[in-house]
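File shown here: protein.cif, holding mmCIF, C-alpha atoms.
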```cif
data_start
#
loop_
_atom_site.label_atom_id
_atom_site.label_comp_id
_atom_site.auth_asym_id
_atom_site.auth_seq_id
_atom_site.Cartn_x
_atom_site.Cartn_y
_atom_site.Cartn_z
CA MET K 1 -3.12 -51.91 49.37
CA SER K 2 -0.22 -53.90 47.95
CA LEU K 3 3.02 -52.05 47.56
CA THR K 4 4.29 -54.13 44.65
CA SER K 5 3.61 -52.30 41.42
CA SER K 6 1.77 -54.62 39.14
CA ALA K 7 1.73 -54.20 35.40
CA ALA K 8 -1.68 -52.53 35.46
CA HIS K 9 -0.48 -50.06 38.05
CA LEU K 10 2.58 -49.18 36.00
CA ALA K 11 0.51 -48.89 32.85
CA ARG K 12 -1.85 -46.51 34.59
CA ARG K 13 1.03 -44.41 35.89
CA ALA K 14 2.56 -44.26 32.41
CA ALA K 15 -0.76 -43.18 30.91
CA GLN K 16 -1.07 -40.52 33.58
CA ARG K 17 2.45 -39.28 32.90
CA GLU K 18 1.63 -38.88 29.23
CA ARG K 19 -1.58 -37.02 30.04
CA VAL K 20 0.30 -34.69 32.36
CA ARG K 21 2.91 -33.99 29.71
CA ILE K 22 0.29 -33.20 27.08
CA LEU K 23 -1.56 -30.99 29.55
CA TYR K 24 1.63 -29.12 30.46
CA ARG K 25 2.47 -28.63 26.79
CA ARG K 26 -0.93 -27.22 25.95
CA ALA K 27 -1.00 -25.04 29.06
CA LEU K 28 2.42 -23.65 28.18
CA LYS K 29 1.33 -22.80 24.65
CA ASP K 30 -1.77 -21.18 25.99
CA THR K 31 0.31 -19.14 28.41
CA LEU K 32 2.36 -17.92 25.47
CA ASN K 33 -0.82 -17.05 23.59
CA TRP K 34 -2.17 -14.99 26.44
CA ALA K 35 1.10 -13.32 27.43
CA VAL K 36 2.37 -12.21 24.07
CA HIS K 37 5.52 -10.50 25.29
CA ARG K 38 8.34 -12.80 26.28
CA HIS K 39 9.24 -11.11 29.54
CA LEU K 40 5.67 -11.59 30.75
CA PHE K 41 5.60 -15.12 29.40
CA TYR K 42 8.66 -16.18 31.38
CA GLY K 43 7.01 -15.10 34.64
CA ASP K 44 3.75 -16.85 33.81
CA ALA K 45 5.54 -19.99 32.68
CA ALA K 46 7.44 -20.07 35.96
CA ASN K 47 4.14 -19.85 37.85
CA LEU K 48 2.65 -22.66 35.78
CA ARG K 49 5.67 -24.83 36.43
CA GLU K 50 5.38 -24.08 40.13
CA ARG K 51 1.77 -25.26 40.14
CA PHE K 52 2.78 -28.50 38.46
CA GLU K 53 5.71 -29.03 40.82
CA GLN K 54 3.57 -28.65 43.93
CA HIS K 55 1.81 -31.94 43.29
CA ARG K 56 4.85 -33.81 42.13
CA HIS K 57 4.97 -36.33 44.94
CA VAL K 58 1.39 -37.52 45.01
CA GLU K 59 1.30 -41.29 44.86
CA ASP K 60 -2.36 -42.25 44.94
CA LEU K 61 -3.65 -43.05 41.45
CA ASP K 62 -7.18 -41.80 41.97
CA THR K 63 -6.02 -38.47 43.38
CA ILE K 64 -3.72 -38.08 40.41
CA ASP K 65 -6.57 -38.82 38.01
CA ARG K 66 -8.78 -36.29 39.69
CA MET K 67 -6.05 -33.64 39.63
CA ILE K 68 -5.40 -34.26 35.94
CA GLU K 69 -9.09 -33.82 35.22
CA ASP K 70 -9.21 -30.63 37.24
CA GLY K 71 -6.18 -29.40 35.33
CA GLU K 72 -7.78 -30.18 32.00
CA ALA K 73 -10.97 -28.40 33.05
CA THR K 74 -8.96 -25.33 34.02
CA TYR K 75 -7.12 -25.49 30.72
CA ASN K 76 -10.39 -25.67 28.79
CA LYS K 77 -11.72 -22.73 30.71
CA TRP K 78 -8.66 -20.59 29.93
CA ARG K 79 -8.14 -21.46 26.28
CA HIS K 80 -7.25 -18.51 24.07
CA PRO K 81 -9.88 -17.73 21.39
CA ASP K 82 -7.29 -16.84 18.75
CA PRO K 83 -4.21 -18.95 19.33
CA TYR K 84 -1.07 -18.60 17.30
CA ILE K 85 -0.83 -21.54 14.91
CA VAL K 86 2.03 -21.98 12.47
CA PRO K 87 0.72 -20.85 9.03
CA TRP K 88 0.97 -24.17 7.21
CA ALA K 89 -0.60 -26.19 10.03
CA PRO K 90 -4.36 -26.89 10.22
CA GLY K 91 -6.00 -23.74 11.53
CA GLY K 92 -3.18 -21.52 10.34
CA SER K 93 -3.51 -18.88 7.66
CA LYS K 94 -1.64 -20.66 4.88
CA PHE K 95 -3.28 -24.05 5.36
CA THR K 96 -4.59 -25.40 2.01
CA ARG K 97 -4.12 -21.98 0.53
CA ASN K 98 -2.08 -22.92 -2.51
CA PRO K 99 -2.24 -26.64 -3.10
CA THR K 100 0.37 -28.02 -5.48
CA PRO K 101 -1.06 -28.32 -9.00
CA PRO K 102 -1.69 -31.85 -10.26
CA GLU K 103 0.93 -33.62 -12.32
CA GLY K 104 1.16 -33.05 -16.05
CA ILE K 105 -0.35 -29.62 -16.07
CA GLU K 106 1.92 -27.08 -17.67
CA ILE K 107 1.75 -23.48 -18.65
CA VAL K 108 2.48 -23.04 -22.34
CA TYR K 109 4.29 -19.75 -22.79
CA ASN K 110 3.06 -18.74 -26.22
CA PHE K 111 1.83 -15.35 -24.99
CA GLY K 112 -1.52 -15.64 -26.70
CA ARG K 113 -0.20 -16.35 -30.17
CA GLU K 114 -2.93 -17.76 -32.36
CA ASP K 115 -2.45 -21.00 -34.23
CA ASN K 116 -2.93 -19.58 -37.68
CA ASP K 117 -0.45 -16.67 -37.37
CA MET M 1 -31.41 -35.15 -7.40
CA ALA M 2 -30.98 -38.42 -5.68
CA LEU M 3 -31.13 -40.23 -8.99
CA ARG M 4 -28.37 -38.03 -10.39
CA ALA M 5 -26.21 -38.67 -7.40
CA ALA M 6 -26.87 -42.39 -7.67
CA ILE M 7 -25.93 -42.41 -11.34
CA LEU M 8 -22.79 -40.32 -10.83
CA ARG M 9 -21.66 -42.60 -8.12
CA HIS M 10 -21.59 -45.51 -10.55
CA VAL M 11 -20.34 -43.89 -13.72
CA ARG M 12 -16.59 -43.62 -13.96
CA LEU M 13 -14.63 -41.60 -16.45
CA PRO M 14 -11.53 -43.26 -17.84
CA LEU M 15 -8.40 -41.68 -16.42
CA GLN M 16 -6.09 -40.14 -18.94
CA THR M 17 -2.66 -39.09 -17.89
CA ALA M 18 -1.62 -35.96 -19.73
CA PRO M 19 1.39 -36.56 -21.96
CA LYS M 20 4.64 -35.65 -20.24
CA LEU M 21 5.86 -32.89 -22.47
CA HIS M 22 9.04 -31.37 -21.21
CA HIS M 23 10.18 -33.46 -18.35
CA ASN M 24 13.20 -34.89 -20.12
CA GLN M 25 14.40 -31.82 -21.93
CA PRO M 26 14.79 -28.90 -19.55
CA HIS M 27 13.73 -25.59 -21.02
CA PRO M 28 16.87 -23.56 -21.60
CA CYS M 29 15.63 -20.23 -20.33
CA LEU M 30 12.55 -21.24 -18.36
CA ALA M 31 14.09 -23.77 -16.00
CA SER M 32 12.24 -23.11 -12.81
CA PHE M 33 14.41 -21.64 -10.12
CA ARG M 34 11.80 -20.79 -7.57
CA PHE M 35 13.91 -18.89 -5.13
CA MET M 36 11.08 -17.70 -2.92
CA SER M 37 9.27 -21.01 -2.72
CA SER M 38 9.19 -22.63 0.67
CA HIS M 39 8.28 -26.03 -0.71
CA ASP M 40 11.52 -26.92 -2.41
CA ASP M 41 14.24 -25.86 -0.06
CA HIS M 42 15.07 -28.17 2.77
CA ILE M 43 17.66 -27.57 5.42
CA THR M 44 20.58 -29.93 5.70
CA LYS M 45 20.99 -32.29 8.60
CA GLU M 46 24.13 -30.45 9.69
CA GLN M 47 22.29 -27.19 10.08
CA VAL M 48 19.52 -28.97 11.98
CA THR M 49 22.04 -30.54 14.33
CA ASP M 50 23.80 -27.25 14.97
CA ARG M 51 20.63 -25.36 15.69
CA VAL M 52 19.18 -28.10 17.90
CA LEU M 53 22.36 -28.25 19.97
CA ALA M 54 22.39 -24.47 20.27
CA VAL M 55 18.82 -24.49 21.58
CA ILE M 56 19.60 -27.20 24.12
CA ARG M 57 22.74 -25.45 25.29
CA ASP M 58 20.81 -22.24 25.87
CA TYR M 59 18.28 -23.94 28.10
CA PRO M 60 19.07 -22.71 31.63
CA LYS M 61 18.85 -26.04 33.41
CA VAL M 62 21.33 -27.73 31.12
CA ASP M 63 25.09 -27.94 31.53
CA PRO M 64 26.43 -26.84 28.10
CA SER M 65 29.50 -29.03 28.18
CA LYS M 66 27.48 -32.24 28.33
CA VAL M 67 25.46 -31.63 25.20
CA THR M 68 26.28 -33.97 22.33
CA PRO M 69 24.09 -35.12 19.44
CA ASN M 70 23.37 -38.42 21.17
CA VAL M 71 22.33 -37.12 24.50
CA HIS M 72 19.14 -38.32 26.18
CA PHE M 73 17.29 -35.55 27.97
CA GLU M 74 16.27 -37.46 31.04
CA LYS M 75 19.04 -39.98 31.46
CA ASP M 76 22.14 -38.04 30.44
CA LEU M 77 21.24 -34.47 31.20
CA GLY M 78 19.24 -35.21 34.31
CA LEU M 79 16.20 -33.28 33.18
CA ASP M 80 12.59 -33.76 34.07
CA SER M 81 9.74 -34.78 31.77
CA LEU M 82 8.32 -31.27 32.09
CA ASP M 83 11.74 -29.91 31.10
CA THR M 84 11.64 -32.16 28.05
CA VAL M 85 8.28 -30.64 27.13
CA GLU M 86 9.79 -27.17 27.42
CA ILE M 87 12.76 -28.11 25.25
CA VAL M 88 10.46 -29.54 22.57
CA MET M 89 8.47 -26.32 22.60
CA ALA M 90 11.67 -24.32 22.20
CA LEU M 91 12.63 -26.49 19.21
CA GLU M 92 9.19 -25.94 17.70
CA GLU M 93 9.69 -22.21 17.97
CA GLU M 94 13.19 -22.38 16.54
CA PHE M 95 12.22 -24.33 13.43
CA LYS M 96 8.74 -22.86 13.03
CA LEU M 97 7.17 -26.29 13.26
CA GLU M 98 3.91 -27.50 14.67
CA ILE M 99 4.44 -30.93 16.20
CA PRO M 100 1.27 -32.86 17.13
CA ASP M 101 0.89 -33.61 20.82
CA LYS M 102 1.23 -37.37 20.56
CA GLU M 103 4.51 -37.15 18.70
CA ALA M 104 5.90 -34.35 20.80
CA VAL M 105 5.54 -36.44 23.92
CA ARG M 106 7.62 -39.18 22.32
CA ILE M 107 10.63 -36.97 21.60
CA ASP M 108 12.91 -37.99 24.41
CA SER M 109 16.44 -37.58 23.22
CA CYS M 110 18.57 -35.40 21.02
CA ASN M 111 18.91 -37.73 18.02
CA LEU M 112 15.15 -38.34 17.97
CA ALA M 113 14.64 -34.60 17.81
CA ILE M 114 17.23 -34.16 15.04
CA GLU M 115 15.73 -37.03 13.06
CA TYR M 116 12.19 -35.75 13.40
CA ILE M 117 13.08 -32.21 12.41
CA SER M 118 15.22 -33.19 9.44
CA ASN M 119 12.48 -35.47 8.17
CA HIS M 120 9.81 -32.84 8.56
CA PRO M 121 9.03 -31.24 5.19
CA MET M 122 8.25 -27.82 6.60
CA ALA M 123 11.19 -27.29 8.91
CA SER M 124 12.78 -23.93 8.23
#
```

Represent the structure of the file as structure tokens.
Amino acid sequence: MSLTSSAAHLARRAAQRERVRILYRRALKDTLNWAVHRHLFYGDAANLRERFEQHRHVEDLDTIDRMIEDGEATYNKWRHPDPYIVPWAPGGSKFTRNPTPPEGIEIVYNFGREDND
Amino acid sequence: MALRAAILRHVRLPLQTAPKLHHNQPHPCLASFRFMSSHDDHITKEQVTDRVLAVIRDYPKVDPSKVTPNVHFEKDLGLDSLDTVEIVMALEEEFKLEIPDKEAVRIDSCNLAIEYISNHPMAS
């Protein structure tokens, strides 16, 4: 196996790094969803970080790919059924609740006065 | 049913813009000050900068004296990519934002974060 990192090799590593980051982000949010209280969350987040740090120095691309897939499978297995989503984001409670009214529509404040009064 | 749908697909109503009644003359007593609306108020860039720097300074792995608005998380502060992910999550919680995954991964430095948050319409 050649030790010089070709462009394809580097591109694959970069793609893997991004996948790992996205996986860590989602796993962290999930951890917060499951452990609602912050003092529990800090402990669980430290454990999660520990699990990611254990495999930090793996160099073989295929092993890394397999580990990322295993990680994503574990994440899918442990997803929270009712995650906290910010209200205005898709899936949140305020999403598309009160859309802005279209332009040119106005409320005329005549308090029900008839035209022929 | 299918005929109706086929006809409606091809018939177009002419668009009529409603006449702009009061846009030039503000109503004296009914000028809309919507104090409780979360759509109109936007935070200033200064406030964003202050709060972002406060969040980064409170992160345990960061040396507070090195934090400036131009700092790069990995190069200047010596953090890891996983640490960057944690900082972005802390910023999301601070400003009550929901950043999509693809964009969150791209936030690498302090001024990117400040720019993104101040351009986000729902940052509060």

*Could you please give me, as a list in words, the residues of protein, DNA or RNA lying at most 12 Å from (9.0, -39.8, 20.0) in the coordinate frame of the file, considering only C-alpha atoms?*
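Residues close enough to count: Glu18 of chain K; His72, Thr84, Val85, Val88, Ile99, Pro100, Asp101, Lys102, Glu103, Ala104, Val105, Arg106, Ile107, Asp108, Ser109, Cys110, Asn111, Leu112, Ala113, Ile114, Glu115, Tyr116 and Ile117 of chain M.
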
Which residues of chain K have any atom within 10 Å of an atom in chain M when counting all atoms listed in the file, and what is the closest pair of atoms for each, with the distance in Å to one decimal? Order the rows by chain and rising number and write it as CSV.
```
residue,atom,partner,partner_atom,distance
K:Arg17,CA,M:Ser81,CA,8.6
K:Glu18,CA,M:Val105,CA,7.0
K:Arg19,CA,M:Val105,CA,9.4
K:Val20,CA,M:Leu82,CA,8.7
K:Arg21,CA,M:Leu82,CA,6.5
K:Ile22,CA,M:Asp101,CA,6.3
K:Leu23,CA,M:Asp101,CA,9.4
K:Tyr24,CA,M:Leu82,CA,7.2
K:Arg25,CA,M:Val85,CA,6.2
K:Arg26,CA,M:Asp101,CA,8.4
K:Leu28,CA,M:Glu86,CA,8.2
K:Lys29,CA,M:Met89,CA,8.2
K:Ala45,CA,M:Glu86,CA,9.9
K:Arg49,CA,M:Leu82,CA,8.2
K:Phe52,CA,M:Leu82,CA,8.9
K:Glu53,CA,M:Leu82,CA,9.4
K:Ile85,CA,M:Glu98,CA,7.6
K:Val86,CA,M:Glu98,CA,6.2
K:Pro87,CA,M:Lys96,CA,9.2
K:Trp88,CA,M:Met122,CA,8.2
K:Ala89,CA,M:Glu98,CA,6.6
K:Pro90,CA,M:Glu98,CA,9.4
K:Thr100,CA,M:His39,CA,9.4
K:Glu103,CA,M:Ala18,CA,8.2
K:Gly104,CA,M:Ala18,CA,5.5
K:Ile105,CA,M:Ala18,CA,7.4
K:Glu106,CA,M:Leu21,CA,8.5
K:Tyr109,CA,M:Leu30,CA,9.5
```

*Near Arg51 (chain M), counting all atoms listed in the file, which residues have an atom at most 12 Å away, once you skip same-chain residues fewer than 3 positions from it, shown as a ChimeraX atom specification?*
/M:43-48,54-58,69,90-95,110,113-114,117-118,123-124

Based on the selection just made, write C-alpha atoms of those residues as an mmCIF file, keeping the file's coordinate frame.
```
data_model
loop_
_atom_site.group_PDB
_atom_site.id
_atom_site.type_symbol
_atom_site.label_atom_id
_atom_site.label_comp_id
_atom_site.auth_asym_id
_atom_site.auth_seq_id
_atom_site.Cartn_x
_atom_site.Cartn_y
_atom_site.Cartn_z
ATOM 1 C CA ILE M 43 17.660 -27.570 5.420
ATOM 2 C CA THR M 44 20.580 -29.930 5.700
ATOM 3 C CA LYS M 45 20.990 -32.290 8.600
ATOM 4 C CA GLU M 46 24.130 -30.450 9.690
ATOM 5 C CA GLN M 47 22.290 -27.190 10.080
ATOM 6 C CA VAL M 48 19.520 -28.970 11.980
ATOM 7 C CA ALA M 54 22.390 -24.470 20.270
ATOM 8 C CA VAL M 55 18.820 -24.490 21.580
ATOM 9 C CA ILE M 56 19.600 -27.200 24.120
ATOM 10 C CA ARG M 57 22.740 -25.450 25.290
ATOM 11 C CA ASP M 58 20.810 -22.240 25.870
ATOM 12 C CA PRO M 69 24.090 -35.120 19.440
ATOM 13 C CA ALA M 90 11.670 -24.320 22.200
ATOM 14 C CA LEU M 91 12.630 -26.490 19.210
ATOM 15 C CA GLU M 92 9.190 -25.940 17.700
ATOM 16 C CA GLU M 93 9.690 -22.210 17.970
ATOM 17 C CA GLU M 94 13.190 -22.380 16.540
ATOM 18 C CA PHE M 95 12.220 -24.330 13.430
ATOM 19 C CA CYS M 110 18.570 -35.400 21.020
ATOM 20 C CA ALA M 113 14.640 -34.600 17.810
ATOM 21 C CA ILE M 114 17.230 -34.160 15.040
ATOM 22 C CA ILE M 117 13.080 -32.210 12.410
ATOM 23 C CA SER M 118 15.220 -33.190 9.440
ATOM 24 C CA ALA M 123 11.190 -27.290 8.910
ATOM 25 C CA SER M 124 12.780 -23.930 8.230
#
```

*asked:* Excluding region 74-77 of chain K and its own-chain neighbours fewer than 3 positions away, which residues fall within 9 Å of it when counting all atoms listed in the file? Please give them as a list in words.
replied: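 With the cut-off at 9 Å, the set is Leu23, Arg26, Ala27, Asp30, Glu69, Asp70 and Gly71 of chain K.
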
_Just to confirm, what's the straight-line distance from CA of Asp80 (chain M) to CA of Pro64 (chain M) in Å (one decimal)?_
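Separation between CA of Asp80 (chain M) and CA of Pro64 (chain M): 16.6 Å.
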
*What is the distance between CA of Pro60 (chain M) and CA of Trp78 (chain K), in Å to one decimal?*
27.9 Å

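Between Thr31 (chain K) and the residues K:His57, K:Arg12, K:His80, K:Arg66, the shortest atom-to-atom distance, using only C-alpha atoms, involves K:His80.
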
*Might you pull out every residue within 10 Å of Tyr42 (chain K), with all atoms listed in the file counted and same-chain residues fewer than 6 positions away left off, and present them as number ranges by chain?*
K: 31-32, 35, 48

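Among the candidate residues K:Glu72, K:Asp65, K:Glu114, K:Glu59, the one lying nearest to Ser5 (chain K) is K:Glu59, with distances computed using only C-alpha atoms.
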
*What is the CA of Lys61 (chain M)-CA of Gly43 (chain K) distance in Å, reported with one decimal?*
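These atoms are spaced 16.2 Å apart.
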
Padding 3 Å on every side, please: axis-aligned box over the listed atoms of region 9-25 of chain K, centre and edge lengths to one decimal in Å, as JSON.
```
{"center_x": 0.5, "center_y": -39.3, "center_z": 32.4, "size_x": 10.8, "size_y": 27.4, "size_z": 17.3}
```
